[in-house]
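Step one of this worksheet: look at the structure below.
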Protein chains: 2
Amino acid sequence: MKLIIIGGVAGGASAATRARRLSEDAEILIFERGPDVSFANCGLPYYVGGEIAERGKLLVTTPQMLRARFRLDVRVNTSVETIDRAARRVRVREAASGRAYEASYDRLILAPGAAPLRPPIPGADRPNVFTLRNLADVDRIKARIDQGVRQTVVVGAGFIGLELVENFIRRGIDTSVVELQNQVLPPFDAEMTTPIVEVLHRRGVRVLLGESAEAFEESPEGVLVKLKSGGRLTAQLVILGVGVRPESKLAADAGLEIGVRGGIRVDDRLRTSDPNIYAVGDAVEIRDAVTGDPAQIPLAGPANRQGRIAADNVFGRDVRYRGTQGTAIVGVFDRTAAMTGASEKTLRRGNRPYRKVYVHPAHHAGYYPGAEPMTLKIVFEPESGRLLGAQAVGGAGVDKRIDVLAVAIQAGMTVFDLEEMELAYAPQFGSAKDPVNMAGFVASGLLRGDHPQVDVETVLATAEPDRPCLIDVRTAREFAAGRLPGAVNIPVEELRERLGEIPRGREIAAYCQVGQRGYVATRILRQHGFPASNIGGGYQTYRMFQPHATTLTQARQL
Amino acid sequence: MKLIIIGGVAGGASAATRARRLSEDAEILIFERGPDVSFANCGLPYYVGGEIAERGKLLVTTPQMLRARFRLDVRVNTSVETIDRAARRVRVREAASGRAYEASYDRLILAPGAAPLRPPIPGADRPNVFTLRNLADVDRIKARIDQGVRQTVVVGAGFIGLELVENFIRRGIDTSVVELQNQVLPPFDAEMTTPIVEVLHRRGVRVLLGESAEAFEESPEGVLVKLKSGGRLTAQLVILGVGVRPESKLAADAGLEIGVRGGIRVDDRLRTSDPNIYAVGDAVEIRDAVTGDPAQIPLAGPANRQGRIAADNVFGRDVRYRGTQGTAIVGVFDRTAAMTGASEKTLRRGNRPYRKVYVHPAHHAGYYPGAEPMTLKIVFEPESGRLLGAQAVGGAGVDKRIDVLAVAIQAGMTVFDLEEMELAYAPQFGSAKDPVNMAGFVASGLLRGDHPQVDVETVLATAEPDRPCLIDVRTAREFAAGRLPGAVNIPVEELRERLGEIPRGREIAAYCQVGQRGYVATRILRQHGFPASNIGGGYQTYRMFQPHATTLTQARQL
């Protein structure tokens, strides 16, 4: 077996080491265009900020190690220029010498990854405008910072964009972030990102949403970033972090099938339209494990799994890739946002029926010091209760709950299963009723009809006189500090005595701070004949739907 | 409906509030023997140590709140003395006044909990010898400490025992712990507790294993603890933390069926042998969710779930309790130990077939600062690969992995599913190959035959000449620092060139530090015709099977 692997980072390196474990005899050749294999892609922003101090730490493995331990023929700084599928040969070129040569294969695995998008903005090729993909990029960015950078503009508020923002602030650099969408972290549902915008504001980051860069021009102070709104920003360093595109040109040139979003098309064995060629990682179009739709989800974990599975299939094993569910996490200062499975907006876009609930629990027992609040949102099928997706934002413990829910999605579990989950409880680690259980209680109550709920955005979008009568069942003090427009205050403890104050023949929407007292109130009201619902997640969910105004004016004044 | 609930802490309080949400009309009466309802049982050790500073924090809810919000008739300091099942009446007594009266019920829920065992040791009733169950106990212990305690002895190294040990050390008290078994934390497999013993030693705790207290005698310095070994310990405060027994006397006296371990017997609707009486919480015998055996597992999470389910059934809903899988966690200084499902020793005791693997990964990407090592052990069915149990010990991130695996057990997942889990990865939170994935890889490789493994304790228990030839594939430096007895050193990178040094016709057991290089070596050896296995978890697992000698001699000298 002669196996050639194109690309030596996550998917390619995993495929290569798996291949060697399966066969001591195989000839395994890796062509990597860059100078490094298997580097810590996800660590790059933290090396910029100095949290990861040593560059060597980013080299997860080296060509030398792959040669010594796995007898892999690793050729770095070597690009594959063409694939001759009929002859099963690739033509490669060494960057340093310019020398070109051919190599033949029995099977080929493509793992070329994805490249940062460079939008066609005038000046996007200026020397102070960077993208971040590999160690060479990070070296250039650090070198630029070391020459002195007072201001930076990050275009794109995705995962890498916000990680860079945090690290620029850590280095004391004035930072603005410009995002085309009306939210940061576009894969998330917008309301779940409100706490992230808040922490960015608290740390002094200028967050410009619904905004875009139209030109990068030379200025005495570095680069002048012209914004679509007419605003102007000055920076000595600009990062373009607006997304990636699959590196599928080589595959397309070879006549392999390409998906609608530009990814290499593969079957569930990760085989391309050519049975001798497999493809893995950020370059491929995968199946969304929840919706079943084709998708482009560039993540390191799935890339590694795909590499392993492609190698298994190359060596005759029948192993299938189950699809990608899009489990992802990002730390932004002291906040964490994480998600798994389908977002609400994906489901809405696909016209798929769903219900959702929000809970706002503490990450561990409230009586133990250091409990941090989080918001957890789950979306699920209205009939079966099958979990479709989850998002969480908060501090400590967000990662744990998303991982638990990722497994629940993988297992095809329902919200009724979440109620029964037996998770580890001691006061430093969780609660006897874990946030995941709480989400299960609220969702199951909704589906069983015990706990009718209405979404806050639905209530607010309903005009009088159809809008339900809003009853705030919190204390008078909580009510005074902020409430939904038009609500009246009847604390839950007084509700049974004050039923006479509530209008008959009209829908009632009760709410409290996070949903628990609103639930009790809803139970009381319904048992007394009122058509009542609880506003899911209460006032805290309402607050998340009131995003901070963007700070466009502030930008314009600069 | 007249519902009486006996006991107002976890299970009882959950049953009561659920009952009210189901019915506004029901008369719901709670008799609680103690002065408090729903207090934070699991927080008591941390209040002793001062980590939880305010006593009020331990009161999760109060009788007043239960009355106001849920219209519950809560009677504290009131014991139920007898149940007249034929007449459906209970006879109760108020502690303060001594007044007795009767109350009738349609349905009764028993939630009396469990009481600390007081072993029949002479002097166990001395004033300086305490047990810890409720707020009154903790008040007494704190008062004793405030009078001045230099030395303390904790009898029993279970969860609460070790939590108290940590908190005594936090208060600067010289602490000894005496445990009958040859390990701390008896529900865990012994080797998994080695890092806990190590941290206890590091923090200056005297750990006496395989030891017991035979008498508590008066001494000028407080209490003289006489040990079975002949050793002596002096203390001003002794804690008996040797376990709990279900409070099933009331139920037994009423003629309800009691299980072999003393718990009230219930069906999967939590109904006792009397169809009008339900029982929940630490007092009941439940079904072990993994083995299906009857078991006594006192945990707060299951108690809460049982309370809810019993109330559902009281009000005519058909809801089943799925059993308890025994998910538990304990923090001991900076170490965390957690488990879920069956332990290896439970499986062995039940003669159930199983296989096991160990991995020793970091809790997040090694290239990001602060990665802490953990040991993760999983046990699973040999044929199907169904996960049966998991244990982990380490620092940060142990709780997350056990929760993930608890869900996997609940879902009936296999080790092959663990390979495919898509968990959240950013370098502060995890790895592209999470510890759970790693355990899945190693276990799946074992079952598929790709990765034959042998347990270190099996190798060590095998006498020459049947013992396999041990090959240590680590570096010469690692080998020099410590190795398995009789091993020879051939680093994995040199293995292919040095195959001639390895004896033919003999079993080979390769090993490295944690198992990864040993796996590569095993693949190389087998493909070259050697009957090789990898020692699962490598040298680090071996080290865990070499527990520290107990410090009996040290105790005797005191």
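Just so we're on the same page: first chain in the structure tokens is A, next is B, and so on; residues restart at 1 for each chain, and ligands are numbered from 1 in the order they show up.
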Neighbour list for range 349-363 of chain A as a ChimeraX atom specification, cut-off 8 Å, only C-alpha atoms, skip fewer than 2 positions in-chain: /A:345-347,365-366,371-382,396-398,429-431,435,438-439,442-443,514-515,536-537,540-541
Dump as JSON, numbers by chain the residues of chain B that approach chain A to within 7 Å, counting only C-alpha atoms. {"B": [21, 24, 42, 43, 52, 57, 58, 68, 69, 300, 301, 327, 328, 329, 330, 367, 368, 369, 399, 400, 403, 404, 406, 407, 408, 411, 421, 422, 423, 424, 425, 426, 427, 429, 432, 433, 492, 493, 520, 523, 524, 527]}
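For Phe479 in chain A, the set of protein, DNA and RNA residues having any atom at most 10 Å away, when counting only C-alpha atoms and skipping those fewer than 2 positions along the same chain, is Asp472, Val473, Arg474, Thr475, Ala476, Arg477, Ala481, Gly482, Arg483, Leu484, Ala487, Val488, Asn489, Ile490, Pro491, Cys512, Gln513 and Tyr539 of chain A.
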What parts of range 135-311 of chain A does DSSP call strand (DSSP E)? I'd like the answer as a ChimeraX atom specification. /A:151-155,174-179,206-209,213-219,222-227,232-235,237-240,244-246,264-265,277-279,284-287,294-295
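For the atom pair formed by CA of Ala19 in chain A and CA of Asp312 in chain A, the distance is 7.2 Å, given to one decimal.
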Could you please determine the separation between CA of Ile239 in chain A and CA of Thr152 in chain A in Å, to one decimal place? 7.8 Å
Could you pull the residues within 12 Å of Pro503 in chain A, counting only C-alpha atoms, minus those fewer than 2 positions along the same chain, as a list in words?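 That gives Pro468, Cys469, Leu470, Ile471, Val488, Arg498, Leu499, Gly500, Glu501, Gly505, Arg506, Glu507, Ile508, Ala509, Leu525, Gly529, Phe530, Pro531 and Ala532 of chain A.
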Keeping all heavy atoms, export the residues of the selection given above as a short mmCIF file (atom, residue, chain, number, x, y, z; two decimals), in the first residue's frame.
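The new file result-v6.cif reads:
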```cif
data_model
loop_
_atom_site.label_atom_id
_atom_site.label_comp_id
_atom_site.auth_asym_id
_atom_site.auth_seq_id
_atom_site.Cartn_x
_atom_site.Cartn_y
_atom_site.Cartn_z
N PRO A 468 -50.82 39.19 26.07
CA PRO A 468 -51.32 38.69 27.35
C PRO A 468 -51.09 39.70 28.47
O PRO A 468 -50.22 40.57 28.37
CB PRO A 468 -50.51 37.41 27.58
CG PRO A 468 -49.37 37.46 26.65
CD PRO A 468 -49.72 38.37 25.52
N CYS A 469 -51.90 39.55 29.49
CA CYS A 469 -51.74 40.37 30.69
C CYS A 469 -50.48 39.89 31.41
O CYS A 469 -50.35 38.72 31.74
CB CYS A 469 -52.97 40.17 31.57
SG CYS A 469 -52.80 40.82 33.22
N LEU A 470 -49.54 40.80 31.64
CA LEU A 470 -48.25 40.43 32.22
C LEU A 470 -48.26 40.57 33.73
O LEU A 470 -48.49 41.67 34.25
CB LEU A 470 -47.15 41.33 31.64
CG LEU A 470 -46.83 41.17 30.15
CD1 LEU A 470 -45.76 42.18 29.73
CD2 LEU A 470 -46.35 39.76 29.88
N ILE A 471 -48.01 39.48 34.44
CA ILE A 471 -47.95 39.54 35.90
C ILE A 471 -46.55 39.19 36.36
O ILE A 471 -46.05 38.09 36.11
CB ILE A 471 -48.97 38.57 36.53
CG1 ILE A 471 -50.37 38.96 36.04
CG2 ILE A 471 -48.89 38.63 38.06
CD1 ILE A 471 -51.47 38.16 36.66
N VAL A 488 -47.83 44.09 35.76
CA VAL A 488 -48.25 44.44 37.11
C VAL A 488 -47.61 43.47 38.08
O VAL A 488 -47.31 42.34 37.73
CB VAL A 488 -49.80 44.40 37.26
CG1 VAL A 488 -50.46 45.46 36.39
CG2 VAL A 488 -50.34 43.02 36.96
N ARG A 498 -54.78 37.26 45.99
CA ARG A 498 -55.06 38.42 45.12
C ARG A 498 -55.56 38.00 43.75
O ARG A 498 -55.45 38.76 42.78
CB ARG A 498 -53.80 39.29 45.01
CG ARG A 498 -53.41 39.92 46.36
CD ARG A 498 -52.11 40.68 46.30
NE ARG A 498 -52.15 41.78 45.33
CZ ARG A 498 -51.09 42.55 45.06
NH1 ARG A 498 -49.93 42.34 45.68
NH2 ARG A 498 -51.19 43.52 44.17
N LEU A 499 -56.12 36.79 43.67
CA LEU A 499 -56.61 36.31 42.37
C LEU A 499 -57.69 37.23 41.80
O LEU A 499 -57.83 37.34 40.58
CB LEU A 499 -57.15 34.88 42.50
CG LEU A 499 -56.09 33.81 42.82
CD1 LEU A 499 -56.76 32.47 43.14
CD2 LEU A 499 -55.11 33.64 41.67
N GLY A 500 -58.44 37.90 42.70
CA GLY A 500 -59.51 38.78 42.27
C GLY A 500 -59.03 39.96 41.44
O GLY A 500 -59.79 40.56 40.68
N GLU A 501 -57.73 40.30 41.57
CA GLU A 501 -57.19 41.44 40.82
C GLU A 501 -56.87 41.08 39.37
O GLU A 501 -56.53 41.95 38.57
CB GLU A 501 -55.90 41.93 41.49
CG GLU A 501 -56.10 42.40 42.91
CD GLU A 501 -54.76 42.76 43.57
OE1 GLU A 501 -53.83 43.21 42.86
OE2 GLU A 501 -54.66 42.58 44.80
N GLY A 505 -60.89 35.92 31.37
CA GLY A 505 -61.16 35.93 29.94
C GLY A 505 -60.03 36.51 29.11
O GLY A 505 -60.22 36.96 27.99
N ARG A 506 -58.84 36.51 29.69
CA ARG A 506 -57.70 37.05 28.97
C ARG A 506 -56.49 36.17 29.25
O ARG A 506 -56.34 35.63 30.34
CB ARG A 506 -57.45 38.47 29.49
CG ARG A 506 -56.66 39.30 28.53
CD ARG A 506 -56.51 40.73 28.97
NE ARG A 506 -55.25 41.22 28.44
CZ ARG A 506 -54.68 42.35 28.78
NH1 ARG A 506 -55.26 43.14 29.64
NH2 ARG A 506 -53.54 42.70 28.24
N GLU A 507 -55.63 35.99 28.25
CA GLU A 507 -54.40 35.22 28.47
C GLU A 507 -53.53 35.92 29.52
O GLU A 507 -53.43 37.15 29.52
CB GLU A 507 -53.58 35.12 27.16
CG GLU A 507 -54.17 34.21 26.11
CD GLU A 507 -54.02 32.73 26.46
OE1 GLU A 507 -53.03 32.36 27.13
OE2 GLU A 507 -54.90 31.94 26.07
N ILE A 508 -52.94 35.12 30.37
CA ILE A 508 -52.05 35.66 31.40
C ILE A 508 -50.65 35.16 31.13
O ILE A 508 -50.46 33.97 30.86
CB ILE A 508 -52.45 35.16 32.81
CG1 ILE A 508 -53.95 35.37 33.08
CG2 ILE A 508 -51.58 35.79 33.89
CD1 ILE A 508 -54.36 36.80 33.25
N ALA A 509 -49.66 36.04 31.19
CA ALA A 509 -48.26 35.60 31.15
C ALA A 509 -47.60 36.02 32.45
O ALA A 509 -47.48 37.21 32.74
CB ALA A 509 -47.54 36.20 29.95
N LEU A 525 -52.31 29.69 39.00
CA LEU A 525 -53.30 30.37 38.15
C LEU A 525 -54.11 29.38 37.33
O LEU A 525 -55.34 29.48 37.25
CB LEU A 525 -52.60 31.37 37.22
CG LEU A 525 -52.02 32.62 37.92
CD1 LEU A 525 -51.07 33.38 37.01
CD2 LEU A 525 -53.17 33.53 38.40
N GLY A 529 -58.26 28.30 37.11
CA GLY A 529 -59.04 28.55 35.91
C GLY A 529 -58.54 29.66 35.00
O GLY A 529 -59.22 30.00 34.03
N PHE A 530 -57.39 30.20 35.27
CA PHE A 530 -56.84 31.24 34.39
C PHE A 530 -56.02 30.60 33.27
O PHE A 530 -55.23 29.69 33.53
CB PHE A 530 -55.94 32.20 35.18
CG PHE A 530 -56.66 33.04 36.19
CD1 PHE A 530 -56.79 32.61 37.50
CD2 PHE A 530 -57.21 34.27 35.83
CE1 PHE A 530 -57.45 33.38 38.44
CE2 PHE A 530 -57.87 35.06 36.77
CZ PHE A 530 -58.00 34.61 38.08
N PRO A 531 -56.16 31.07 32.04
CA PRO A 531 -55.33 30.56 30.94
C PRO A 531 -53.93 31.18 31.00
O PRO A 531 -53.62 32.12 30.27
CB PRO A 531 -56.09 31.00 29.69
CG PRO A 531 -56.87 32.21 30.10
CD PRO A 531 -57.10 32.12 31.59
N ALA A 532 -53.12 30.65 31.90
CA ALA A 532 -51.83 31.27 32.20
C ALA A 532 -50.66 30.50 31.61
O ALA A 532 -50.72 29.28 31.48
CB ALA A 532 -51.64 31.38 33.71
#
```
Mind checking DSSP for range 305-543 of chain A and telling me the alpha helix (DSSP H) residues as a count of residues only? 83
Take CA of Val37 in chain A and CA of Val76 in chain A and report the distance between them in Å, one decimal.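 It comes out at 7.6 Å.
Shortest separation to Arg202 in chain B among B:Arg335, B:Asp189, B:Arg348, B:Phe130 occurs at residue B:Arg335, atoms counted being only C-alpha atoms.
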